[in-house]
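What follows is the content of structure_27.cif (mmCIF, C-alpha atoms).
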```cif
data_model
#
loop_
_atom_site.label_atom_id
_atom_site.label_comp_id
_atom_site.auth_asym_id
_atom_site.auth_seq_id
_atom_site.Cartn_x
_atom_site.Cartn_y
_atom_site.Cartn_z
CA MET A 1 28.05 3.62 -21.08
CA ARG A 2 29.58 4.44 -17.74
CA HIS A 3 31.76 7.30 -16.66
CA VAL A 4 33.35 8.52 -13.44
CA GLU A 5 34.19 12.20 -13.03
CA GLU A 6 35.93 13.93 -10.16
CA VAL A 7 34.23 17.27 -9.58
CA MET A 8 32.75 19.38 -6.75
CA GLY A 9 35.05 17.80 -4.21
CA THR A 10 33.54 14.40 -4.79
CA VAL A 11 33.15 11.76 -7.45
CA VAL A 12 30.24 11.68 -9.87
CA SER A 13 29.22 8.38 -11.45
CA ILE A 14 27.23 8.48 -14.65
CA GLU A 15 25.59 5.62 -16.46
CA LEU A 16 23.63 5.96 -19.67
CA ALA A 17 21.50 2.92 -20.46
CA ASP A 18 20.15 4.37 -23.70
CA ASP A 19 20.32 2.48 -26.91
CA LEU A 20 22.28 5.17 -28.74
CA PRO A 21 25.49 5.17 -30.81
CA GLU A 22 28.73 5.25 -28.83
CA ASP A 23 29.79 8.68 -30.01
CA ARG A 24 26.39 10.09 -29.11
CA LEU A 25 26.67 8.65 -25.59
CA SER A 26 30.21 10.01 -25.21
CA ALA A 27 29.03 13.47 -26.27
CA LEU A 28 26.19 13.37 -23.74
CA ILE A 29 28.58 12.41 -20.98
CA ALA A 30 31.02 15.14 -22.00
CA SER A 31 28.34 17.83 -21.89
CA THR A 32 27.12 16.58 -18.52
CA CYS A 33 30.65 16.82 -17.11
CA ALA A 34 31.11 20.27 -18.62
CA TRP A 35 27.98 21.48 -16.82
CA LEU A 36 29.12 20.02 -13.50
CA HIS A 37 32.49 21.76 -13.81
CA GLU A 38 30.75 25.01 -14.70
CA VAL A 39 28.69 24.69 -11.51
CA ASP A 40 31.81 23.92 -9.51
CA ALA A 41 33.60 27.00 -10.85
CA ARG A 42 30.63 29.19 -9.96
CA PHE A 43 29.73 27.78 -6.57
CA SER A 44 32.96 26.42 -5.12
CA THR A 45 33.69 27.82 -1.69
CA TYR A 46 37.32 26.73 -2.16
CA GLN A 47 38.03 28.86 -5.21
CA ASP A 48 38.56 32.50 -4.31
CA ASP A 49 37.39 33.74 -7.68
CA SER A 50 34.13 31.76 -7.73
CA GLU A 51 30.93 33.73 -7.91
CA VAL A 52 29.87 32.51 -4.48
CA CYS A 53 33.13 33.73 -2.92
CA ARG A 54 32.92 37.09 -4.64
CA PHE A 55 29.29 37.47 -3.55
CA ARG A 56 30.32 36.53 -0.02
CA ARG A 57 32.94 39.26 0.03
CA GLY A 58 30.36 41.76 -1.19
CA GLU A 59 32.14 42.27 -4.50
CA ILE A 60 29.00 41.66 -6.52
CA PRO A 61 25.54 42.78 -5.48
CA LEU A 62 22.69 40.28 -5.67
CA ASP A 63 21.20 42.01 -8.70
CA ASP A 64 24.38 41.42 -10.68
CA CYS A 65 24.59 37.74 -9.80
CA SER A 66 23.98 35.06 -12.40
CA ASP A 67 20.52 33.54 -12.77
CA ASP A 68 21.86 30.28 -11.34
CA MET A 69 23.24 32.06 -8.29
CA ARG A 70 19.97 33.84 -7.61
CA HIS A 71 18.03 30.64 -8.14
CA VAL A 72 20.24 28.81 -5.65
CA LEU A 73 19.94 31.60 -3.07
CA ASN A 74 16.16 31.67 -3.44
CA ARG A 75 15.84 27.92 -3.10
CA CYS A 76 18.11 27.87 -0.04
CA ALA A 77 15.84 30.48 1.54
CA ASP A 78 12.70 28.49 0.63
CA LEU A 79 14.16 25.32 2.07
CA TRP A 80 15.31 27.12 5.20
CA ARG A 81 11.69 28.13 5.82
CA GLU A 82 10.26 24.77 4.80
CA THR A 83 12.52 22.88 7.18
CA GLY A 84 12.05 25.20 10.14
CA GLY A 85 15.63 26.43 9.83
CA TYR A 86 17.24 22.98 9.86
CA PHE A 87 18.45 23.31 6.30
CA ASP A 88 20.67 26.33 6.58
CA ALA A 89 23.16 27.55 3.98
CA TYR A 90 24.59 29.79 6.72
CA ALA A 91 24.94 26.99 9.30
CA GLY A 92 28.71 27.20 9.22
CA GLY A 93 28.86 31.00 9.32
CA PRO A 94 29.36 32.53 5.88
CA LEU A 95 27.13 31.53 2.97
CA ASP A 96 27.81 27.97 1.80
CA PRO A 97 25.12 26.70 -0.55
CA SER A 98 27.06 23.49 -1.36
CA GLY A 99 24.42 21.38 0.38
CA TYR A 100 21.89 22.54 -2.18
CA VAL A 101 24.14 22.97 -5.18
CA LYS A 102 25.21 19.36 -5.52
CA GLY A 103 21.68 17.94 -5.67
CA TRP A 104 20.43 20.77 -7.83
CA SER A 105 23.28 20.50 -10.34
CA VAL A 106 22.65 16.78 -10.77
CA GLU A 107 18.92 17.39 -11.10
CA VAL A 108 19.60 19.93 -13.87
CA ALA A 109 22.16 17.62 -15.48
CA SER A 110 19.55 14.86 -15.69
CA GLN A 111 16.96 17.24 -17.16
CA ARG A 112 19.45 18.37 -19.77
CA LEU A 113 20.31 14.78 -20.65
CA ALA A 114 16.63 14.05 -21.13
CA GLU A 115 16.23 17.07 -23.38
CA ALA A 116 19.25 15.94 -25.36
CA GLY A 117 17.77 12.49 -25.93
CA SER A 118 18.89 10.34 -23.00
CA THR A 119 15.79 8.91 -21.37
CA ARG A 120 17.50 6.15 -19.40
CA HIS A 121 20.34 7.16 -17.13
CA TYR A 122 21.52 7.77 -13.63
CA ILE A 123 23.86 10.35 -12.20
CA GLY A 124 25.21 9.80 -8.72
CA ALA A 125 27.17 12.54 -6.99
CA GLY A 126 28.88 11.56 -3.77
CA GLY A 127 26.04 9.24 -2.76
CA ASP A 128 23.08 11.27 -4.02
CA ILE A 129 21.48 9.85 -7.13
CA ARG A 130 19.04 10.91 -9.83
CA MET A 131 17.59 8.26 -12.11
CA ARG A 132 15.51 8.49 -15.23
CA GLY A 133 13.69 5.76 -17.15
CA LEU A 134 14.49 2.08 -16.85
CA GLY A 135 17.89 0.75 -15.94
CA PRO A 136 19.97 -1.89 -17.69
CA GLY A 137 17.96 -4.92 -18.71
CA GLY A 138 14.78 -2.88 -18.89
CA ARG A 139 14.05 -3.09 -15.16
CA PRO A 140 13.97 -0.27 -12.62
CA TRP A 141 17.32 0.94 -11.32
CA ARG A 142 18.35 -0.85 -8.17
CA VAL A 143 19.79 1.51 -5.60
CA GLY A 144 21.42 0.18 -2.48
CA VAL A 145 21.28 2.30 0.66
CA ARG A 146 24.58 2.02 2.43
CA HIS A 147 24.50 0.36 5.83
CA PRO A 148 25.39 3.13 8.29
CA TRP A 149 27.97 1.05 10.16
CA GLU A 150 29.15 -1.51 7.65
CA ALA A 151 30.55 0.30 4.63
CA ASP A 152 30.43 -2.76 2.42
CA LYS A 153 26.84 -3.69 3.27
CA LEU A 154 23.44 -2.35 2.36
CA ALA A 155 20.57 -1.55 4.68
CA TRP A 156 17.93 -1.41 1.95
CA VAL A 157 17.66 -1.94 -1.78
CA LEU A 158 15.29 0.42 -3.57
CA ALA A 159 13.79 0.13 -7.05
CA VAL A 160 13.47 3.46 -8.81
CA THR A 161 12.66 4.47 -12.37
CA ASP A 162 12.14 8.21 -12.38
CA GLY A 163 13.29 9.88 -9.23
CA ALA A 164 15.99 10.66 -6.74
CA VAL A 165 17.60 8.99 -3.75
CA ALA A 166 19.59 11.14 -1.33
CA THR A 167 21.29 10.08 1.88
CA SER A 168 22.75 12.14 4.68
CA GLY A 169 24.62 10.50 7.49
CA THR A 170 26.92 11.23 10.34
CA TYR A 171 29.20 8.32 9.50
CA GLU A 172 31.04 10.00 6.67
CA ARG A 173 31.97 13.27 8.35
CA GLY A 174 31.80 12.08 11.93
CA ALA A 175 29.92 14.35 14.29
CA HIS A 176 30.44 17.33 12.01
CA VAL A 177 26.85 17.43 10.88
CA TRP A 178 25.55 20.57 12.48
CA ASN A 179 22.15 21.26 13.99
CA PRO A 180 21.83 24.95 13.11
CA VAL A 181 18.76 25.46 15.28
CA ALA A 182 20.36 24.15 18.46
CA GLY A 183 23.82 25.36 17.49
CA ALA A 184 25.26 21.98 18.32
CA PRO A 185 26.33 18.82 16.49
CA ALA A 186 23.38 16.80 15.20
CA LYS A 187 22.65 13.67 17.18
CA GLY A 188 19.99 10.97 17.38
CA LEU A 189 20.02 9.83 13.77
CA ARG A 190 22.84 8.01 12.11
CA SER A 191 21.55 8.19 8.57
CA VAL A 192 18.56 9.48 6.65
CA THR A 193 17.62 8.54 3.10
CA VAL A 194 14.94 10.41 1.19
CA THR A 195 13.44 9.42 -2.15
CA GLY A 196 11.31 11.62 -4.36
CA PRO A 197 10.93 13.35 -7.68
CA ASP A 198 13.56 16.10 -7.23
CA LEU A 199 17.09 15.40 -6.01
CA SER A 200 17.73 18.92 -4.74
CA ILE A 201 14.69 18.66 -2.45
CA ALA A 202 15.32 15.06 -1.40
CA ASP A 203 18.88 16.01 -0.50
CA ALA A 204 17.84 19.06 1.51
CA TYR A 205 15.19 17.06 3.35
CA ALA A 206 17.68 14.34 4.27
CA THR A 207 20.13 16.95 5.55
CA ALA A 208 17.44 18.76 7.55
CA ALA A 209 16.04 15.59 9.12
CA LEU A 210 19.50 14.42 10.13
CA ALA A 211 20.07 17.79 11.82
CA MET A 212 16.73 17.52 13.63
CA GLY A 213 17.61 14.22 15.26
CA VAL A 214 14.81 11.87 16.27
CA THR A 215 12.14 14.53 15.85
CA GLY A 216 13.20 14.41 12.21
CA LEU A 217 11.37 11.07 11.96
CA SER A 218 7.95 12.63 12.40
CA TRP A 219 8.92 15.55 10.21
CA LEU A 220 9.91 13.13 7.45
CA ALA A 221 6.66 11.22 7.84
CA LYS A 222 4.79 14.35 6.81
CA ARG A 223 6.78 14.67 3.58
CA SER A 224 5.19 11.47 2.23
CA GLY A 225 2.19 13.48 1.09
CA ASP A 226 4.40 15.38 -1.35
CA GLY A 227 5.97 12.24 -2.75
CA TYR A 228 9.09 12.17 -0.58
CA GLU A 229 9.53 8.82 1.15
CA SER A 230 12.23 8.00 3.61
CA ALA A 231 14.30 5.50 5.53
CA ALA A 232 16.17 6.44 8.67
CA VAL A 233 18.45 4.75 11.16
CA THR A 234 18.85 6.00 14.72
CA ASP A 235 22.15 6.19 16.57
CA ASP A 236 21.10 3.08 18.48
CA GLY A 237 20.41 1.11 15.31
CA ARG A 238 16.65 1.23 14.99
CA ALA A 239 15.41 1.39 11.43
CA PHE A 240 12.39 3.36 10.24
CA THR A 241 10.80 3.41 6.83
CA SER A 242 7.86 5.37 5.53
CA PRO A 243 5.06 3.21 4.10
CA GLY A 244 5.60 4.31 0.50
CA LEU A 245 9.35 3.69 0.35
CA PRO A 246 10.08 1.93 -2.99
CA ILE A 247 11.80 -1.12 -1.54
CA ALA A 248 12.91 -3.50 -4.30
CA PRO A 249 10.88 -6.70 -4.47
CA MET B 1 9.48 3.40 22.14
CA ARG B 2 7.33 2.25 25.00
CA ARG B 3 7.90 5.63 26.53
CA SER B 4 6.65 7.49 23.49
CA THR B 5 3.63 5.22 23.26
CA ALA B 6 2.88 6.00 26.85
CA ALA B 7 3.34 9.68 26.10
CA ALA B 8 0.92 9.45 23.22
CA VAL B 9 -1.65 7.63 25.29
CA GLY B 10 -1.14 10.14 28.04
CA THR B 11 -1.87 12.90 25.61
CA LEU B 12 -4.99 11.19 24.41
CA THR B 13 -6.23 10.64 27.91
CA GLY B 14 -5.52 14.25 28.65
CA ALA B 15 -7.33 15.40 25.56
CA ALA B 16 -10.32 13.24 26.39
CA LEU B 17 -10.47 14.74 29.85
CA ILE B 18 -10.24 18.28 28.56
CA LEU B 19 -13.15 17.48 26.36
CA GLY B 20 -15.07 16.02 29.25
CA VAL B 21 -14.56 19.19 31.21
CA ARG B 22 -15.57 21.38 28.38
CA LEU B 23 -18.83 19.54 27.96
CA SER B 24 -19.68 19.69 31.62
CA VAL B 25 -22.19 22.16 32.99
CA GLN B 26 -20.44 25.39 33.74
CA PRO B 27 -20.68 26.05 37.49
CA GLN B 28 -19.68 22.56 38.47
CA ALA B 29 -16.37 21.99 40.08
CA VAL B 30 -13.66 21.12 37.65
CA PRO B 31 -12.07 17.88 38.73
CA VAL B 32 -8.69 18.66 40.16
CA ASN B 33 -6.89 16.07 38.11
CA ALA B 34 -8.45 17.33 34.91
CA ALA B 35 -6.56 20.56 35.25
CA ALA B 36 -3.34 18.65 35.80
CA ASP B 37 -4.00 16.45 32.81
CA GLY B 38 -4.70 19.49 30.74
CA ALA B 39 -1.19 20.64 31.41
CA ILE B 40 0.12 17.28 30.38
CA ALA B 41 -1.71 17.46 27.11
CA GLU B 42 0.16 20.62 26.29
CA GLU B 43 3.49 19.24 27.30
CA PRO B 44 4.38 17.44 24.10
CA GLU B 45 4.00 20.72 22.27
CA ILE B 46 6.81 22.10 24.36
CA ASP B 47 8.79 18.94 23.78
CA GLU B 48 8.63 19.43 20.11
CA ALA B 49 9.95 22.93 20.28
CA SER B 50 12.93 21.94 22.35
CA GLY B 51 13.51 18.71 20.50
CA SER B 52 13.67 16.63 23.65
CA THR B 53 11.43 13.76 24.52
CA ALA B 54 10.56 14.34 28.13
CA GLU B 55 8.08 11.95 29.57
CA PRO B 56 4.72 13.18 30.74
CA GLU B 57 4.18 12.63 34.44
CA ALA B 58 1.02 10.68 33.90
CA THR B 59 2.85 7.84 32.22
CA GLY B 60 2.14 5.23 34.84
CA GLU B 61 -1.51 6.01 34.96
CA ALA B 62 -1.73 6.36 31.22
CA LYS B 63 -0.33 2.92 30.65
CA LYS B 64 -3.51 1.39 31.94
CA PRO B 65 -5.65 2.18 28.95
CA ALA B 66 -2.94 1.33 26.49
CA GLY B 67 -5.36 -0.93 24.69
CA LYS B 68 -5.80 -0.98 20.99
CA SER B 69 -7.02 2.54 20.34
CA GLY B 70 -7.59 3.82 23.79
CA ASN B 71 -11.36 3.92 23.43
CA SER B 72 -12.16 1.96 26.55
CA GLY B 73 -9.64 3.97 28.53
CA GLY B 74 -10.85 7.29 27.24
CA ALA B 75 -14.47 6.51 27.93
CA GLU B 76 -13.69 5.21 31.35
CA ASN B 77 -11.72 8.26 32.38
CA SER B 78 -14.27 10.70 31.08
CA GLY B 79 -16.88 8.71 32.90
CA ASP B 80 -15.85 10.13 36.27
CA ALA B 81 -16.40 13.68 35.17
CA GLU B 82 -19.54 12.69 33.40
CA LYS B 83 -21.24 11.20 36.45
CA GLU B 84 -21.74 14.57 38.01
CA GLU B 85 -23.46 16.08 35.06
CA THR B 86 -26.73 15.44 33.41
CA GLY B 87 -26.69 17.82 30.49
CA LEU B 88 -24.54 16.09 27.89
CA LYS B 89 -26.08 16.76 24.56
CA ALA B 90 -26.27 13.92 22.11
CA GLY B 91 -23.91 14.14 19.21
CA THR B 92 -20.35 13.61 18.12
CA TYR B 93 -17.70 15.92 19.45
CA LYS B 94 -14.18 16.41 18.35
CA GLY B 95 -11.52 17.41 20.82
CA LYS B 96 -8.87 19.97 20.18
CA ALA B 97 -6.23 18.63 17.87
CA VAL B 98 -3.13 18.16 19.95
CA GLN B 99 0.20 18.42 18.27
CA ASN B 100 3.03 16.44 19.67
CA SER B 101 6.28 15.30 18.23
CA TYR B 102 4.66 12.30 16.59
CA GLY B 103 2.02 14.22 14.73
CA THR B 104 -1.47 15.48 15.39
CA MET B 105 -3.87 13.56 17.52
CA GLN B 106 -7.51 14.24 17.97
CA VAL B 107 -10.07 12.63 20.18
CA THR B 108 -13.65 12.14 19.09
CA ILE B 109 -16.44 11.16 21.44
CA LYS B 110 -20.01 10.16 20.85
CA VAL B 111 -22.68 11.14 23.32
CA SER B 112 -26.11 9.59 23.50
CA GLY B 113 -28.56 9.41 26.37
CA GLY B 114 -26.46 11.90 28.30
CA LYS B 115 -23.53 9.53 28.35
CA ILE B 116 -20.33 9.20 26.45
CA THR B 117 -20.86 6.02 24.50
CA ALA B 118 -17.69 5.95 22.50
CA ALA B 119 -14.38 7.68 22.41
CA ASN B 120 -11.92 7.38 19.60
CA SER B 121 -8.66 8.91 18.77
CA SER B 122 -7.10 9.63 15.44
CA TYR B 123 -3.42 8.94 15.02
CA PRO B 124 -1.32 10.36 12.24
CA THR B 125 -1.92 8.05 9.32
CA ASP B 126 1.12 9.10 7.37
CA GLY B 127 3.49 8.18 10.16
CA PHE B 128 6.46 5.93 10.22
CA SER B 129 5.53 2.46 11.22
CA GLY B 130 6.30 2.18 14.84
CA THR B 131 6.39 5.78 15.89
CA ILE B 132 2.91 6.16 17.06
CA ASN B 133 0.15 3.69 17.48
CA PRO B 134 0.44 0.81 19.90
CA ASN B 135 -0.14 -1.77 17.16
CA ALA B 136 2.82 -0.54 15.25
CA VAL B 137 5.16 -1.10 18.15
CA LYS B 138 5.43 -4.67 17.00
CA THR B 139 6.39 -3.53 13.52
CA LEU B 140 9.08 -1.36 14.98
CA ASN B 141 10.57 -4.15 16.99
CA ALA B 142 10.77 -6.26 13.88
CA ALA B 143 12.47 -3.49 11.98
CA THR B 144 15.94 -4.08 13.27
CA LEU B 145 18.52 -2.87 10.85
CA ALA B 146 19.49 -5.54 8.39
CA ALA B 147 22.81 -5.77 6.62
CA GLN B 148 22.63 -7.28 3.20
CA SER B 149 24.63 -7.71 0.09
CA ALA B 150 22.79 -7.53 -3.19
CA GLU B 151 23.36 -6.67 -6.79
CA VAL B 152 22.65 -3.00 -7.33
CA ASP B 153 23.24 -0.37 -10.00
CA ALA B 154 24.20 2.43 -7.62
CA VAL B 155 24.70 3.09 -3.92
CA SER B 156 23.24 5.96 -1.95
CA GLY B 157 25.12 7.01 1.13
CA ALA B 158 26.32 10.00 3.07
CA THR B 159 28.30 12.30 0.80
CA PHE B 160 31.80 11.01 0.30
CA THR B 161 34.79 13.07 -0.68
CA SER B 162 37.06 12.31 -3.61
CA GLN B 163 39.37 10.65 -1.09
CA SER B 164 36.81 8.48 0.66
CA TYR B 165 35.19 7.50 -2.65
CA VAL B 166 38.06 5.08 -3.16
CA THR B 167 36.85 2.92 -0.29
CA SER B 168 33.15 3.18 -1.14
CA LEU B 169 30.87 0.54 -2.51
CA GLN B 170 30.01 2.89 -5.37
CA SER B 171 33.63 2.90 -6.41
CA ALA B 172 33.65 -0.90 -6.44
CA LEU B 173 30.54 -0.83 -8.61
CA ASP B 174 32.07 1.66 -11.00
CA LYS B 175 35.13 -0.53 -11.33
CA ALA B 176 33.01 -3.57 -11.98
CA GLY B 177 31.00 -1.80 -14.65
CA ALA B 178 33.90 -0.10 -16.38
#
```

Transcribe the structure of this file into structure tokens.
Amino acid sequence: MRHVEEVMGTVVSIELADDLPEDRLSALIASTCAWLHEVDARFSTYQDDSEVCRFRRGEIPLDDCSDDMRHVLNRCADLWRETGGYFDAYAGGPLDPSGYVKGWSVEVASQRLAEAGSTRHYIGAGGDIRMRGLGPGGRPWRVGVRHPWEADKLAWVLAVTDGAVATSGTYERGAHVWNPVAGAPAKGLRSVTVTGPDLSIADAYATAALAMGVTGLSWLAKRSGDGYESAAVTDDGRAFTSPGLPIAP
Amino acid sequence: MRRSTAAAVGTLTGAALILGVRLSVQPQAVPVNAAADGAIAEEPEIDEASGSTAEPEATGEAKKPAGKSGNSGGAENSGDAEKEETGLKAGTYKGKAVQNSYGTMQVTIKVSGGKITAANSSYPTDGFSGTINPNAVKTLNAATLAAQSAEVDAVSGATFTSQSYVTSLQSALDKAGA
């Protein structure tokens, strides 16, 4: 069963490949969407009454924040350190954890689906995808990586069963991807795709590497050891892949 | 790419020379160019911090030993410093690990009979194909970006907004599967 939901300023595509009764699948999709809207209400930087906005204005101290909020803040801090400051929830000035929240919320959504009995599904939020189990037809999910210049073409096709694929690129938001360390727009890389077990981490790594520019290539290479593989395209069209990238046969 | 290869080889040569100097008998004159090369070996470290890819000055000279793993070049270069000394102790020595923007490189030399008999360098093994060792340059050249159309279940791309979703491949897929 497939479903498309508009939430978090983007569109989330959900597909459940489980052999379950229709009403069961519908209920699973409904609870997934409810969770994503709950996250949106809590973390939206566009809704004045969201927890993140109230925290930003100093209306609620950290100790009174929800567990989710504190988790997100902690993880943003961890990732800031891990990426040498290139993943920065304060890159645009005031706190904006959206870059972490999207991947994390989908990661949690997939975990919850698994706990509720869906062992074969994918959730894609605005181009970042978490898969579980086998796809339709009992084969691994086939994930196309968008070609960074030709919107209707793919640069790679990956085969993934359990895991995440996240892509960051400058083509969607123009040169508005910020290098927080240099305090200038990111340049050098056109798109970075990271695969790995956890979507929130894969997403943060892709964002950080894009911000780093070409030095992000060697930084990404070192993430292979932790199970995060990558594919990157430079501004001048050179393509790089890490040796363990799950390219579809 | 060629430039970064040259930079890497330059670093290796530099590291080999530093090692040569360190092994030499103390009071002997340090070869003038060894000091200069030492500076070059450090340079990529600075590059990494600033995120630029400045080219080491020794590029031209470093290109010469751009053979497979630089062992002939490394041995040859160290040879000059070695001639003046007699006290090289037999054994295997590892140079200081040098960090540059492509990873960590380390030079290892073997000494027997007072001479450097082999020099080897370790490249990052977890690297992207094409970013570091001279062999991989070929792989890089082959890895021009391909554009393909294929049947897929989902599309990963830079985050789209609700508005730009409409024109995305994912949206086409969703329509097809609905």

Given the file shown, determine the residues that the PyMOL selection byres ((chain A and resi 233) around 7) selects; report them as a list in words.
-> Leu189, Arg190, Ser191, Val192, Ala232, Thr234, Asp235, Gly237, Arg238, Ala239 and Phe240 of chain A

Run through the PyMOL selection byres ((chain A) within 7 of (chain B)) on the given coordinates and return the selected residues as a PyMOL selection string.
-> chain A and resi 2+6+9-11+126-129+141-147+151-155+165-169+172+215+218+221-222+224+237-243

Please, what is the axis-aligned box for every listed atom of range 149-168 of chain B with 6 Å on each side, as centre and edge lengths in Å to one decimal, as JSON?
```
{"center_x": 31.0, "center_y": 2.7, "center_z": -3.5, "size_x": 28.7, "size_y": 32.8, "size_z": 25.1}
```

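Proximity to Lys187 in chain A at 10 Å, evaluated using all atoms listed in the file and with sequence-adjacent residues fewer than 5 positions away removed, yields A:Thr170, A:Ala175, A:Val177, A:Trp178, A:Asn179, A:Leu210, A:Ala211, A:Met212, A:Gly213, A:Val214, A:Thr234, A:Asp235.
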
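Using the PyMOL selection byres ((chain A and resi 103) around 8) on the file at hand returns these residues: Gly99, Tyr100, Val101, Lys102, Trp104, Ser105, Val106, Glu107, Ala125, Asp128, Leu199, Ser200, Ile201 and Asp203 of chain A.
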
Compile the contact shell of range 13-24 of chain A as a PyMOL selection string: residues with an atom at most 7 Å away, counting all atoms listed in the file, same-chain residues fewer than 4 positions apart removed.
-> chain A and resi 1-5+28+118-125+135-136

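Atom pair CA of Ala208 in chain A / CA of Trp149 in chain A: separated by 20.8 Å.
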
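Pairwise distance (CA of Ala27 in chain A, CA of Asp162 in chain A) equals 22.5 Å.
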
Rounded to one decimal place, report the CA of Leu79 in chain A-CA of Thr207 in chain A distance in Å.
-> 10.9 Å
